[in-house]
Structure formats: C-alpha cells, structure tokens
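What's in run13.tsv: TSV, C-alpha atoms
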chain	number	residue	atom	x	y	z
A	572	MET	CA	0.00	0.00	0.00
A	573	SER	CA	1.30	3.45	-0.91
A	574	LYS	CA	2.23	5.81	1.93
A	575	ILE	CA	0.96	9.33	2.39
A	576	THR	CA	3.70	11.89	1.88
A	577	PHE	CA	4.19	15.15	3.74
A	578	ARG	CA	4.11	16.95	0.38
A	579	GLN	CA	0.64	15.56	-0.35
A	580	LEU	CA	-0.65	16.86	2.96
A	581	GLU	CA	0.94	20.30	2.44
A	582	ILE	CA	-0.59	20.66	-1.02
A	583	PHE	CA	-3.97	19.37	0.15
A	584	LEU	CA	-4.02	22.00	2.94
A	585	ALA	CA	-3.01	24.70	0.47
A	586	VAL	CA	-5.90	23.84	-1.87
A	587	VAL	CA	-8.43	24.01	0.99
A	588	GLU	CA	-7.06	27.28	2.34
A	589	ALA	CA	-6.64	28.94	-1.09
A	590	GLY	CA	-9.96	27.65	-2.39
A	591	SER	CA	-8.53	26.60	-5.74
A	592	PHE	CA	-6.00	24.27	-7.34
A	593	ARG	CA	-4.59	27.16	-9.38
A	594	GLU	CA	-3.77	29.35	-6.37
A	595	ALA	CA	-2.26	26.39	-4.53
A	596	ALA	CA	-0.04	25.73	-7.57
A	597	GLU	CA	1.11	29.37	-7.55
A	598	ARG	CA	1.88	29.17	-3.84
A	599	PHE	CA	4.21	26.18	-4.38
A	600	GLY	CA	5.55	27.29	-7.75
A	601	ILE	CA	4.38	24.12	-9.50
A	602	THR	CA	1.85	23.34	-12.22
A	603	GLN	CA	-1.85	22.96	-11.56
A	604	SER	CA	-1.75	19.42	-12.95
A	605	SER	CA	0.94	18.56	-10.38
A	606	VAL	CA	-1.30	19.82	-7.58
A	607	SER	CA	-4.17	17.75	-8.97
A	608	ASN	CA	-1.94	14.65	-9.13
A	609	HIS	CA	-0.90	15.05	-5.47
A	610	VAL	CA	-4.52	15.44	-4.35
A	611	THR	CA	-5.68	12.50	-6.50
A	612	ALA	CA	-2.95	10.30	-5.02
A	613	LEU	CA	-3.98	11.29	-1.50
A	614	GLU	CA	-7.63	10.53	-2.29
A	615	SER	CA	-6.63	7.14	-3.64
A	616	ILE	CA	-4.69	6.24	-0.50
A	617	LEU	CA	-7.48	7.42	1.80
A	618	GLY	CA	-10.22	5.88	-0.33
A	619	ALA	CA	-12.28	9.05	-0.17
A	620	ARG	CA	-13.08	12.05	-2.37
A	621	LEU	CA	-11.72	15.16	-0.69
A	622	PHE	CA	-13.10	17.80	-3.07
A	623	ALA	CA	-16.34	18.27	-4.98
A	624	ARG	CA	-14.82	19.12	-8.35
A	625	GLN	CA	-16.84	21.21	-10.77
A	626	ARG	CA	-15.32	23.17	-13.65
A	627	GLY	CA	-15.23	26.88	-12.94
A	628	MET	CA	-16.13	26.42	-9.27
A	629	LEU	CA	-14.05	26.88	-6.13
A	630	ALA	CA	-12.32	23.79	-4.72
A	631	THR	CA	-14.91	22.94	-2.07
A	632	PRO	CA	-13.95	20.16	0.36
A	633	THR	CA	-16.40	17.33	0.84
A	634	GLU	CA	-17.50	16.27	4.32
A	635	ARG	CA	-14.62	13.79	4.37
A	636	GLY	CA	-12.37	16.50	3.03
A	637	VAL	CA	-13.20	18.78	5.96
A	638	LEU	CA	-12.37	15.99	8.41
A	639	ALA	CA	-9.12	15.26	6.54
A	640	TYR	CA	-8.20	18.96	6.64
A	641	LYS	CA	-8.57	19.16	10.41
A	642	GLU	CA	-6.36	16.13	10.99
A	643	ALA	CA	-3.80	17.06	8.33
A	644	LYS	CA	-3.51	20.59	9.75
A	645	ILE	CA	-2.55	19.19	13.14
A	646	LEU	CA	0.03	16.84	11.62
A	647	VAL	CA	1.66	19.47	9.39
A	648	ASP	CA	1.76	22.13	12.12
A	649	ARG	CA	3.30	19.70	14.59
A	650	PHE	CA	5.88	18.53	12.04
A	651	ASN	CA	6.85	22.12	11.21
A	652	GLN	CA	7.27	22.85	14.92
A	653	PHE	CA	9.45	19.76	15.22
A	654	LEU	CA	11.68	20.93	12.36
A	655	ALA	CA	11.85	24.48	13.72
A	656	PHE	CA	12.90	23.26	17.14
A	657	PHE	CA	15.95	21.40	15.89
A	658	SER	CA	16.88	23.88	13.17
A	659	GLY	CA	16.93	26.56	15.88
A	660	ALA	CA	19.42	24.63	18.05
A	661	GLY	CA	16.78	23.73	20.59
A	662	ARG	CA	14.96	27.06	20.55
A	663	THR	CA	11.82	27.66	18.57
A	664	GLU	CA	9.56	30.64	18.10
A	665	LYS	CA	6.32	29.57	19.69
A	666	GLN	CA	3.03	30.46	18.06
A	667	LEU	CA	-0.19	31.50	19.72
A	668	LYS	CA	-3.29	32.47	17.77
A	669	ILE	CA	-6.31	33.77	19.68
A	670	GLY	CA	-9.76	34.54	18.31
A	671	ALA	CA	-12.43	36.37	20.29
A	672	HIS	CA	-15.49	38.56	20.17
A	673	THR	CA	-14.74	42.31	19.96
A	674	PHE	CA	-15.94	42.92	23.49
A	675	VAL	CA	-13.85	40.03	24.85
A	676	VAL	CA	-10.77	41.64	23.32
A	677	ASN	CA	-11.73	44.98	24.86
A	678	ARG	CA	-12.04	43.34	28.28
A	679	ILE	CA	-8.74	41.49	28.27
A	680	GLY	CA	-6.80	43.55	25.72
A	681	ASP	CA	-4.41	45.15	28.23
A	682	ALA	CA	-3.49	41.76	29.67
A	683	LEU	CA	-2.95	40.33	26.18
A	684	ALA	CA	-0.67	43.25	25.31
A	685	ARG	CA	1.32	42.71	28.52
A	686	TYR	CA	1.71	39.02	27.75
A	687	ALA	CA	2.94	39.78	24.23
A	688	ALA	CA	5.43	42.34	25.56
A	689	GLU	CA	6.77	39.97	28.23
A	690	HIS	CA	7.04	36.99	25.88
A	691	PRO	CA	8.78	38.21	22.70
A	692	GLU	CA	9.67	34.59	21.86
A	693	VAL	CA	5.99	33.93	21.10
A	694	ASP	CA	4.62	34.71	17.64
A	695	PHE	CA	1.42	36.22	19.06
A	696	GLY	CA	-1.73	37.14	17.14
A	697	VAL	CA	-5.32	38.08	17.94
A	698	GLU	CA	-8.20	37.88	15.46
A	699	VAL	CA	-11.49	39.60	16.24
A	700	GLY	CA	-14.79	38.15	15.13
A	701	PRO	CA	-18.20	36.82	16.20
A	702	TYR	CA	-19.01	33.40	17.65
A	703	GLU	CA	-19.44	31.82	14.21
A	704	PHE	CA	-16.03	33.05	13.03
A	705	VAL	CA	-14.19	31.88	16.15
A	706	THR	CA	-15.76	28.42	16.40
A	707	GLU	CA	-15.25	27.73	12.67
A	708	LYS	CA	-11.56	28.69	12.83
A	709	ILE	CA	-11.02	26.60	15.97
A	710	GLN	CA	-12.49	23.56	14.23
A	711	ARG	CA	-10.21	24.14	11.22
A	712	GLU	CA	-7.20	24.51	13.54
A	713	GLY	CA	-6.81	28.11	12.40
A	714	LEU	CA	-6.77	29.30	16.02
A	715	ASP	CA	-5.29	27.87	19.20
A	716	LEU	CA	-7.64	29.57	21.65
A	717	GLY	CA	-11.12	30.99	21.15
A	718	ILE	CA	-13.21	32.96	23.65
A	719	VAL	CA	-16.93	33.37	22.94
A	720	PHE	CA	-20.09	34.36	24.77
A	721	THR	CA	-22.74	31.71	25.42
A	722	THR	CA	-25.47	30.84	27.90
A	723	GLY	CA	-23.94	27.44	28.63
A	724	PRO	CA	-21.94	24.57	27.09
A	725	ILE	CA	-21.42	24.63	23.33
A	726	PRO	CA	-23.02	21.58	21.65
A	727	GLY	CA	-20.46	19.27	20.08
A	728	VAL	CA	-17.49	21.38	21.21
A	729	GLU	CA	-15.31	20.95	24.27
A	730	SER	CA	-15.35	24.22	26.20
A	731	ARG	CA	-15.18	25.55	29.73
A	732	PRO	CA	-16.48	28.74	31.38
A	733	LEU	CA	-14.00	31.50	32.18
A	734	TRP	CA	-16.09	34.31	33.62
A	735	LEU	CA	-19.64	35.64	33.89
A	736	GLU	CA	-20.34	38.79	31.88
A	737	PRO	CA	-23.16	40.99	33.23
A	738	LEU	CA	-25.86	42.39	30.94
A	739	ALA	CA	-28.23	45.28	31.57
A	740	LEU	CA	-31.20	46.95	29.89
A	741	TYR	CA	-30.86	50.59	28.87
A	742	VAL	CA	-32.97	53.40	27.47
A	743	SER	CA	-32.18	57.04	26.73
A	744	LYS	CA	-32.72	59.41	29.65
A	745	ASP	CA	-34.94	61.41	27.27
A	746	HIS	CA	-37.15	58.44	26.36
A	747	ALA	CA	-40.80	58.52	27.37
A	748	ILE	CA	-40.33	55.63	29.82
A	749	ALA	CA	-37.20	57.04	31.47
A	750	ASP	CA	-39.15	58.48	34.42
A	751	MET	CA	-40.92	55.18	35.12
A	752	VAL	CA	-38.04	52.71	34.84
A	753	ASP	CA	-38.05	52.01	38.59
A	754	THR	CA	-41.59	50.63	38.38
A	755	ILE	CA	-41.77	49.33	34.82
A	756	THR	CA	-42.83	45.71	34.36
A	757	PRO	CA	-41.67	43.27	31.67
A	758	GLU	CA	-45.12	43.49	30.08
A	759	GLN	CA	-44.83	47.28	29.80
A	760	LEU	CA	-41.26	47.20	28.51
A	761	GLN	CA	-42.23	44.62	25.90
A	762	ARG	CA	-44.35	47.32	24.23
A	763	VAL	CA	-41.24	49.45	23.67
A	764	PRO	CA	-39.34	48.79	20.40
A	765	LEU	CA	-36.09	46.84	20.77
A	766	ILE	CA	-32.70	47.78	19.36
A	767	THR	CA	-30.68	44.62	18.82
A	768	VAL	CA	-28.16	42.74	16.68
A	769	PRO	CA	-29.06	40.97	13.40
A	770	ARG	CA	-31.20	37.84	13.44
A	771	HIS	CA	-29.78	34.44	12.47
A	772	THR	CA	-26.63	35.10	14.51
A	773	GLN	CA	-25.53	33.40	17.71
A	774	MET	CA	-25.36	36.75	19.51
A	775	ARG	CA	-29.00	37.49	18.61
A	776	SER	CA	-30.08	34.08	19.90
A	777	LEU	CA	-28.11	34.70	23.09
A	778	LEU	CA	-29.71	38.12	23.71
A	779	ASP	CA	-33.21	36.87	22.82
A	780	GLU	CA	-32.79	33.98	25.26
A	781	THR	CA	-31.67	36.41	27.94
A	782	LEU	CA	-34.68	38.69	27.40
A	783	ILE	CA	-37.05	35.73	27.58
A	784	LYS	CA	-35.64	34.92	31.03
A	785	VAL	CA	-36.59	38.45	32.11
A	786	GLY	CA	-40.10	37.94	30.76
A	787	ILE	CA	-39.71	39.87	27.50
A	788	SER	CA	-40.41	38.31	24.10
A	789	ASP	CA	-41.88	39.20	20.70
A	790	CYS	CA	-40.86	42.85	20.90
A	791	THR	CA	-41.26	45.12	17.90
A	792	ILE	CA	-37.78	45.47	16.40
A	793	ALA	CA	-36.77	49.10	15.98
A	794	LEU	CA	-33.34	48.41	14.52
A	795	GLU	CA	-30.93	45.55	13.84
A	796	ALA	CA	-27.23	46.37	13.62
A	797	ASP	CA	-24.02	44.37	13.99
A	798	SER	CA	-22.23	47.52	15.21
A	799	PHE	CA	-22.48	48.32	18.90
A	800	ALA	CA	-21.67	51.94	18.03
A	801	VAL	CA	-24.84	52.08	15.89
A	802	VAL	CA	-26.85	50.43	18.68
A	803	ASN	CA	-25.53	52.95	21.21
A	804	GLN	CA	-26.29	55.94	18.99
A	805	SER	CA	-29.78	54.58	18.30
A	806	LEU	CA	-30.38	54.43	22.04
A	807	ILE	CA	-29.43	58.08	22.43
A	808	ARG	CA	-31.85	58.99	19.63
A	809	ASN	CA	-34.77	57.40	21.54
A	810	ILE	CA	-35.44	54.68	18.99
A	811	GLY	CA	-36.03	52.08	21.71
A	812	PHE	CA	-34.37	50.07	24.49
A	813	ALA	CA	-31.48	47.61	24.29
A	814	CYS	CA	-29.86	44.74	26.20
A	815	LEU	CA	-26.11	45.40	26.32
A	816	PHE	CA	-22.89	44.38	28.03
A	817	LYS	CA	-22.99	46.36	31.26
A	818	CYS	CA	-19.24	46.87	31.69
A	819	GLN	CA	-18.98	48.26	28.16
A	820	ILE	CA	-21.68	50.84	28.82
A	821	GLU	CA	-20.42	51.78	32.28
A	822	ALA	CA	-17.02	52.62	30.75
A	823	SER	CA	-18.53	54.50	27.80
A	824	PRO	CA	-18.99	58.29	27.45
A	825	ILE	CA	-22.65	57.72	26.54
A	826	ARG	CA	-23.41	56.31	30.00
A	827	SER	CA	-24.51	59.76	31.24
A	828	GLN	CA	-27.14	59.85	28.49
A	829	LEU	CA	-28.72	56.52	29.41
A	830	VAL	CA	-30.89	55.13	32.19
A	831	GLU	CA	-30.52	51.53	33.33
A	832	ILE	CA	-33.80	49.64	33.58
A	833	PRO	CA	-33.72	47.58	36.82
A	834	LEU	CA	-35.07	44.36	35.29
A	835	GLN	CA	-31.92	42.34	35.84
A	836	PRO	CA	-31.10	39.95	32.97
A	837	PRO	CA	-28.90	36.96	33.87
A	838	PRO	CA	-25.22	37.19	32.89
A	839	VAL	CA	-23.78	35.32	29.94
A	840	GLU	CA	-20.72	33.09	30.06
A	841	ALA	CA	-17.42	33.78	28.39
A	842	ARG	CA	-16.22	30.31	27.43
A	843	GLN	CA	-12.84	29.02	26.34
A	844	ILE	CA	-12.43	26.73	23.34
A	845	LEU	CA	-9.09	25.14	22.51
A	846	SER	CA	-8.15	23.57	19.21
A	847	ARG	CA	-7.23	19.89	19.39
A	848	SER	CA	-3.57	20.62	18.81
A	849	ALA	CA	-3.47	23.26	21.57
A	850	ARG	CA	-5.17	21.42	24.43
A	851	ASN	CA	-1.87	20.40	26.02
A	852	ASP	CA	0.26	23.20	24.59
A	853	PRO	CA	2.16	24.84	27.49
A	854	THR	CA	2.33	28.18	25.65
A	855	VAL	CA	-1.46	28.36	25.33
A	856	LEU	CA	-2.05	27.29	28.92
A	857	GLN	CA	0.56	29.77	30.17
A	858	CYS	CA	-1.13	32.62	28.29
A	859	ILE	CA	-4.56	31.77	29.69
A	860	GLU	CA	-3.19	31.73	33.23
A	861	PHE	CA	-1.32	35.00	32.71
A	862	VAL	CA	-4.30	36.86	31.26
A	863	PHE	CA	-6.79	35.91	33.89
A	864	ARG	CA	-4.31	36.56	36.67
A	865	ASN	CA	-3.93	40.11	35.37
A	866	VAL	CA	-7.55	41.12	34.72
A	867	ALA	CA	-8.95	41.95	38.15
A	868	THR	CA	-12.41	43.02	36.95
A	869	LEU	CA	-13.54	39.62	35.66
A	870	ASP	CA	-16.03	37.57	37.66
A	871	LEU	CA	-14.13	34.32	37.15
A	872	VAL	CA	-16.04	31.05	37.28
Give the structure from the file, written as structure tokens.
Amino acid sequence: MSKITFRQLEIFLAVVEAGSFREAAERFGITQSSVSNHVTALESILGARLFARQRGMLATPTERGVLAYKEAKILVDRFNQFLAFFSGAGRTEKQLKIGAHTFVVNRIGDALARYAAEHPEVDFGVEVGPYEFVTEKIQREGLDLGIVFTTGPIPGVESRPLWLEPLALYVSKDHAIADMVDTITPEQLQRVPLITVPRHTQMRSLLDETLIKVGISDCTIALEADSFAVVNQSLIRNIGFACLFKCQIEASPIRSQLVEIPLQPPPVEARQILSRSARNDPTVLQCIEFVFRNVATLDLV
C-alpha cells in the first residue's frame, strides 16, 4: 500500500485554504496538474473524495475533506514545529493564535498586550470576530484559543467557562419611559421597540434567550445592527431600548445619556475553546493563566 507523503498533505491543505487548485499551484511554484496529481494520489490512498470538483467552481472540500483537513492541519503544524525546534538549536519561536469577540478583546486587551510584551519569543496574534467566526476557525485549527459568549456549554465542542459577563437593559434618559423605569414591568417594557443585533446570529439568539428569562419576548424590532456603536447611537436617539454588556456601557462616554432599567437579565458566560492541537500546549495554557491573573475586573467562574 502506498504511503501518504508530507508533500501531499501540504498541497492538500493549500488547496483548501486557497480555495482553488490554481492558487495552490502558484503558492508552491508548481503546475496545476501537479497539484491535482498530489490530491488525487492522496484521495486514492485514503479511499475518499476530498473535493467536490466542478469546472469553474471553487475547490470545495467534501464532508470527508473537511475531516481530513482538520487532521492534516494538526500533523503538518506539529511537524513544522518539530523541524523548527531542531533547526533553531533547541529554541523555537512559539506560536499563539487567539480569536475572540470584539468585546472580549476589549475586556482582556491590556493583559494580552502585557503578555505579548513579556514573551517576545511567542509569535502572538489576535483575530477579532463573532461566535461563528471563532468556532469555525477553531475547528479548522486556524486558532489555538477561542473565547466566545454563550449561555452554557457549546453543543459538540469541548469548552469551559472563564467568567460571567453581566448584561443590563438601557434606554435614553430622554425616552418617554425614562421616568418610570423604577416601576416598569416586563409586560410594559415589551411594548417598547427593541434595538438589537441581526437575526440568524448566535449573539441574537443569546440576547433573545436572555430577554425571555426576564419575561420579554416578541418585541417590535426598531433596529438591527451588527455595530455596537450604531446600537448605542440609536439608544441616544430614543429609537427604543437595548440589552447590552454592562461593563462596556459603564465605561462609555454615553453612560450619562442613558438610564438603566432595573429588570436584571442573567449574565452570559465567556467560554474558552481550545483547538485539538493546543489542548496540552504549554504556551497556550501559560497565556490563559497570565491573562486571567492580570484582569482583576472579571467575575471568574
């Protein structure tokens, strides 16, 4: 039986990441037919089609191709680290890739910057994106550590809670209900339009679930925006009320223009997700410990 070669795995990964056989060929400085031959040989050894090939279409991995990518990525990254270790006379530049929601980065950004400054031997990078972006990149081994907001465990993904993030309901101090917020009921607030994030996103599901726990559902939607700056400005303009991260608002200049509605929503969890290759990586574990030892304002779980 033929053996899989490292070159086959490298080229296979390049095709998936580039999205085409042509771009992978350009990356390696070889012909497109050579790339195709390497991929075909790999498919033959594995006994599985790795790409759904259609002329003029992107090189889309099949379900088996996605699984093969995840495993091959781990193998190639580990092998490259092995080579780097010995070529550097026992010293290697460690890599650490973190992905997190914008607000997570705002909360722990100072600690991350301190870690990067104190560990120049680590090739350190932070990518900002929503839940969907972070979880997808973790599964593809494109990140070592992901931090996302949830209301509990993530189905099908190994994760653990890091801290509880408080939420609060806000309305402009000039809104018609501002003078009655101390006595307002969920039924009354439900008649006020809601400013929120776009539907069909994990963050929208999270905020909707939180509002339901307060007794608020089926609100009229005043505005949907994936920018918290737009949400904040819409609040000031009396378009409606919003459920927001409390610490973000308390530290914001617009706080003086808002009134907090004392219907206390439950906090959400910030949860840690590690890629398979990073679960026992001392660099990743060291960074996590450093960050959460140096952010005093987090309500750690």
Mind listing as a ChimeraX atom specification all residues within 8 Å of (6.8, 36.9, 17.8), counting all atoms listed in the file?
-> /A:664-666,691-695
Would you pick out the contacts of A:Arg620 at 9 Å or less, using all atoms listed in the file, so that residues sharing its chain but fewer than 6 positions from it are not included, and give the list as an mmCIF file with C-alpha atoms, keeping the file's coordinate frame?
data_model
loop_
_atom_site.group_PDB
_atom_site.id
_atom_site.type_symbol
_atom_site.label_atom_id
_atom_site.label_comp_id
_atom_site.auth_asym_id
_atom_site.auth_seq_id
_atom_site.Cartn_x
_atom_site.Cartn_y
_atom_site.Cartn_z
ATOM 1 C CA THR A 611 -5.680 12.500 -6.500
ATOM 2 C CA GLU A 614 -7.630 10.530 -2.290
ATOM 3 C CA PRO A 632 -13.950 20.160 0.360
ATOM 4 C CA THR A 633 -16.400 17.330 0.840
ATOM 5 C CA ARG A 635 -14.620 13.790 4.370
ATOM 6 C CA GLY A 636 -12.370 16.500 3.030
#
Among listed residues A:Arg775, A:Lys817, A:Lys784, A:Arg711, nearest A:Val637 (using all atoms listed in the file) =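 With all atoms listed in the file as the atom set, the closest residue is A:Arg711.
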Per-residue nearest contacts of stretch 737-765 of chain A to stretch 818-828 of chain A (9 Å; all atoms listed in the file) as a Markdown table:
| residue | atom | partner | partner_atom | distance |
| --- | --- | --- | --- | --- |
| A:Pro737 | CA | A:Cys818 | CA | 7.2 |
| A:Leu738 | CA | A:Cys818 | CA | 8.0 |
| A:Val742 | CA | A:Gln828 | CA | 8.8 |
| A:Ser743 | CA | A:Gln828 | CA | 6.0 |
| A:Lys744 | CA | A:Gln828 | CA | 5.7 |
| A:Asp745 | CA | A:Gln828 | CA | 8.0 |
Check the smallest atom-to-atom distance from each of A:Leu829, A:Ile792, A:Leu806, A:Leu735 to A:Arg770 using only C-alpha atoms, then report the winner.
->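 Comparing A:Leu829, A:Ile792, A:Leu806, A:Leu735 against A:Arg770, the winner is A:Ile792.
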Separation of atom CA of A:Ser805 from atom CA of A:Met751 in Å =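 Atom-to-atom, atom CA of A:Met751 to atom CA of A:Ser805, that is 20.2 Å.
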Would you mind reading off the distance between atom CA of A:Ala841 and atom CA of A:Leu714, one decimal, in Å?
-> 16.9 Å
Among the residues A:Leu580, A:Ala671, A:Ala867, A:Leu733, the one that comes closest to A:Leu716 [using all atoms listed in the file] | A:Ala671
As a PDB file, keeping the file's coordinate frame, the rebuilt stretch 747-781 of chain A with N, CA and C atoms:
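The result, written out as out_6.pdb:
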ATOM      1  N   ALA A 747     -39.540  58.339  26.650  1.00  0.00           N
ATOM      2  CA  ALA A 747     -40.800  58.520  27.370  1.00  0.00           C
ATOM      3  C   ALA A 747     -40.904  57.661  28.620  1.00  0.00           C
ATOM      4  N   ILE A 748     -40.216  56.508  28.645  1.00  0.00           N
ATOM      5  CA  ILE A 748     -40.330  55.630  29.820  1.00  0.00           C
ATOM      6  C   ILE A 748     -39.237  55.873  30.854  1.00  0.00           C
ATOM      7  N   ALA A 749     -38.341  56.842  30.583  1.00  0.00           N
ATOM      8  CA  ALA A 749     -37.200  57.040  31.470  1.00  0.00           C
ATOM      9  C   ALA A 749     -37.621  57.362  32.905  1.00  0.00           C
ATOM     10  N   ASP A 750     -38.716  58.084  33.072  1.00  0.00           N
ATOM     11  CA  ASP A 750     -39.150  58.480  34.420  1.00  0.00           C
ATOM     12  C   ASP A 750     -39.875  57.368  35.160  1.00  0.00           C
ATOM     13  N   MET A 751     -40.173  56.257  34.472  1.00  0.00           N
ATOM     14  CA  MET A 751     -40.920  55.180  35.120  1.00  0.00           C
ATOM     15  C   MET A 751     -40.120  53.882  35.170  1.00  0.00           C
ATOM     16  N   VAL A 752     -38.805  53.948  34.908  1.00  0.00           N
ATOM     17  CA  VAL A 752     -38.040  52.710  34.840  1.00  0.00           C
ATOM     18  C   VAL A 752     -38.006  51.965  36.167  1.00  0.00           C
ATOM     19  N   ASP A 753     -38.112  52.674  37.292  1.00  0.00           N
ATOM     20  CA  ASP A 753     -38.050  52.010  38.590  1.00  0.00           C
ATOM     21  C   ASP A 753     -39.274  51.137  38.857  1.00  0.00           C
ATOM     22  N   THR A 754     -40.360  51.399  38.142  1.00  0.00           N
ATOM     23  CA  THR A 754     -41.590  50.630  38.380  1.00  0.00           C
ATOM     24  C   THR A 754     -42.061  49.862  37.153  1.00  0.00           C
ATOM     25  N   ILE A 755     -41.315  49.955  36.064  1.00  0.00           N
ATOM     26  CA  ILE A 755     -41.770  49.330  34.820  1.00  0.00           C
ATOM     27  C   ILE A 755     -41.755  47.806  34.944  1.00  0.00           C
ATOM     28  N   THR A 756     -42.725  47.163  34.344  1.00  0.00           N
ATOM     29  CA  THR A 756     -42.830  45.710  34.360  1.00  0.00           C
ATOM     30  C   THR A 756     -42.360  45.151  33.009  1.00  0.00           C
ATOM     31  N   PRO A 757     -42.039  43.859  32.963  1.00  0.00           N
ATOM     32  CA  PRO A 757     -41.670  43.270  31.670  1.00  0.00           C
ATOM     33  C   PRO A 757     -42.747  43.440  30.616  1.00  0.00           C
ATOM     34  N   GLU A 758     -44.009  43.341  31.024  1.00  0.00           N
ATOM     35  CA  GLU A 758     -45.120  43.490  30.080  1.00  0.00           C
ATOM     36  C   GLU A 758     -45.143  44.896  29.481  1.00  0.00           C
ATOM     37  N   GLN A 759     -44.863  45.907  30.303  1.00  0.00           N
ATOM     38  CA  GLN A 759     -44.830  47.280  29.800  1.00  0.00           C
ATOM     39  C   GLN A 759     -43.620  47.514  28.897  1.00  0.00           C
ATOM     40  N   LEU A 760     -42.460  46.988  29.300  1.00  0.00           N
ATOM     41  CA  LEU A 760     -41.260  47.200  28.510  1.00  0.00           C
ATOM     42  C   LEU A 760     -41.364  46.484  27.168  1.00  0.00           C
ATOM     43  N   GLN A 761     -42.076  45.384  27.126  1.00  0.00           N
ATOM     44  CA  GLN A 761     -42.230  44.620  25.900  1.00  0.00           C
ATOM     45  C   GLN A 761     -42.925  45.430  24.809  1.00  0.00           C
ATOM     46  N   ARG A 762     -43.661  46.475  25.207  1.00  0.00           N
ATOM     47  CA  ARG A 762     -44.350  47.320  24.230  1.00  0.00           C
ATOM     48  C   ARG A 762     -43.437  48.408  23.651  1.00  0.00           C
ATOM     49  N   VAL A 763     -42.216  48.488  24.178  1.00  0.00           N
ATOM     50  CA  VAL A 763     -41.240  49.450  23.670  1.00  0.00           C
ATOM     51  C   VAL A 763     -40.403  48.767  22.585  1.00  0.00           C
ATOM     52  N   PRO A 764     -40.145  49.421  21.455  1.00  0.00           N
ATOM     53  CA  PRO A 764     -39.340  48.790  20.400  1.00  0.00           C
ATOM     54  C   PRO A 764     -37.935  48.435  20.909  1.00  0.00           C
ATOM     55  N   LEU A 765     -37.393  47.369  20.345  1.00  0.00           N
ATOM     56  CA  LEU A 765     -36.090  46.840  20.770  1.00  0.00           C
ATOM     57  C   LEU A 765     -35.024  47.138  19.724  1.00  0.00           C
ATOM     58  N   ILE A 766     -33.876  47.604  20.203  1.00  0.00           N
ATOM     59  CA  ILE A 766     -32.700  47.780  19.360  1.00  0.00           C
ATOM     60  C   ILE A 766     -31.789  46.580  19.625  1.00  0.00           C
ATOM     61  N   THR A 767     -31.420  45.855  18.586  1.00  0.00           N
ATOM     62  CA  THR A 767     -30.680  44.620  18.820  1.00  0.00           C
ATOM     63  C   THR A 767     -29.742  44.317  17.651  1.00  0.00           C
ATOM     64  N   VAL A 768     -29.089  43.165  17.728  1.00  0.00           N
ATOM     65  CA  VAL A 768     -28.160  42.740  16.680  1.00  0.00           C
ATOM     66  C   VAL A 768     -28.927  41.927  15.633  1.00  0.00           C
ATOM     67  N   PRO A 769     -28.332  41.664  14.474  1.00  0.00           N
ATOM     68  CA  PRO A 769     -29.060  40.970  13.400  1.00  0.00           C
ATOM     69  C   PRO A 769     -29.534  39.576  13.780  1.00  0.00           C
ATOM     70  N   ARG A 770     -30.669  39.192  13.237  1.00  0.00           N
ATOM     71  CA  ARG A 770     -31.200  37.840  13.440  1.00  0.00           C
ATOM     72  C   ARG A 770     -30.314  36.827  12.727  1.00  0.00           C
ATOM     73  N   HIS A 771     -30.537  35.558  13.054  1.00  0.00           N
ATOM     74  CA  HIS A 771     -29.780  34.440  12.470  1.00  0.00           C
ATOM     75  C   HIS A 771     -28.303  34.485  12.857  1.00  0.00           C
ATOM     76  N   THR A 772     -27.990  35.131  13.972  1.00  0.00           N
ATOM     77  CA  THR A 772     -26.630  35.100  14.510  1.00  0.00           C
ATOM     78  C   THR A 772     -26.690  34.524  15.915  1.00  0.00           C
ATOM     79  N   GLN A 773     -25.569  33.969  16.366  1.00  0.00           N
ATOM     80  CA  GLN A 773     -25.530  33.400  17.710  1.00  0.00           C
ATOM     81  C   GLN A 773     -25.749  34.465  18.766  1.00  0.00           C
ATOM     82  N   MET A 774     -25.200  35.683  18.535  1.00  0.00           N
ATOM     83  CA  MET A 774     -25.360  36.750  19.510  1.00  0.00           C
ATOM     84  C   MET A 774     -26.828  37.157  19.649  1.00  0.00           C
ATOM     85  N   ARG A 775     -27.569  37.163  18.538  1.00  0.00           N
ATOM     86  CA  ARG A 775     -29.000  37.490  18.610  1.00  0.00           C
ATOM     87  C   ARG A 775     -29.744  36.419  19.407  1.00  0.00           C
ATOM     88  N   SER A 776     -29.428  35.159  19.157  1.00  0.00           N
ATOM     89  CA  SER A 776     -30.080  34.080  19.900  1.00  0.00           C
ATOM     90  C   SER A 776     -29.775  34.199  21.388  1.00  0.00           C
ATOM     91  N   LEU A 777     -28.524  34.550  21.707  1.00  0.00           N
ATOM     92  CA  LEU A 777     -28.110  34.700  23.090  1.00  0.00           C
ATOM     93  C   LEU A 777     -28.894  35.815  23.778  1.00  0.00           C
ATOM     94  N   LEU A 778     -29.001  36.991  23.118  1.00  0.00           N
ATOM     95  CA  LEU A 778     -29.710  38.120  23.710  1.00  0.00           C
ATOM     96  C   LEU A 778     -31.213  37.860  23.798  1.00  0.00           C
ATOM     97  N   ASP A 779     -31.776  37.210  22.772  1.00  0.00           N
ATOM     98  CA  ASP A 779     -33.210  36.870  22.820  1.00  0.00           C
ATOM     99  C   ASP A 779     -33.499  35.921  23.978  1.00  0.00           C
ATOM    100  N   GLU A 780     -32.614  34.930  24.160  1.00  0.00           N
ATOM    101  CA  GLU A 780     -32.790  33.980  25.260  1.00  0.00           C
ATOM    102  C   GLU A 780     -32.712  34.693  26.610  1.00  0.00           C
ATOM    103  N   THR A 781     -31.823  35.652  26.703  1.00  0.00           N
ATOM    104  CA  THR A 781     -31.670  36.410  27.940  1.00  0.00           C
ATOM    105  C   THR A 781     -32.920  37.238  28.229  1.00  0.00           C
TER     106      THR A 781
END
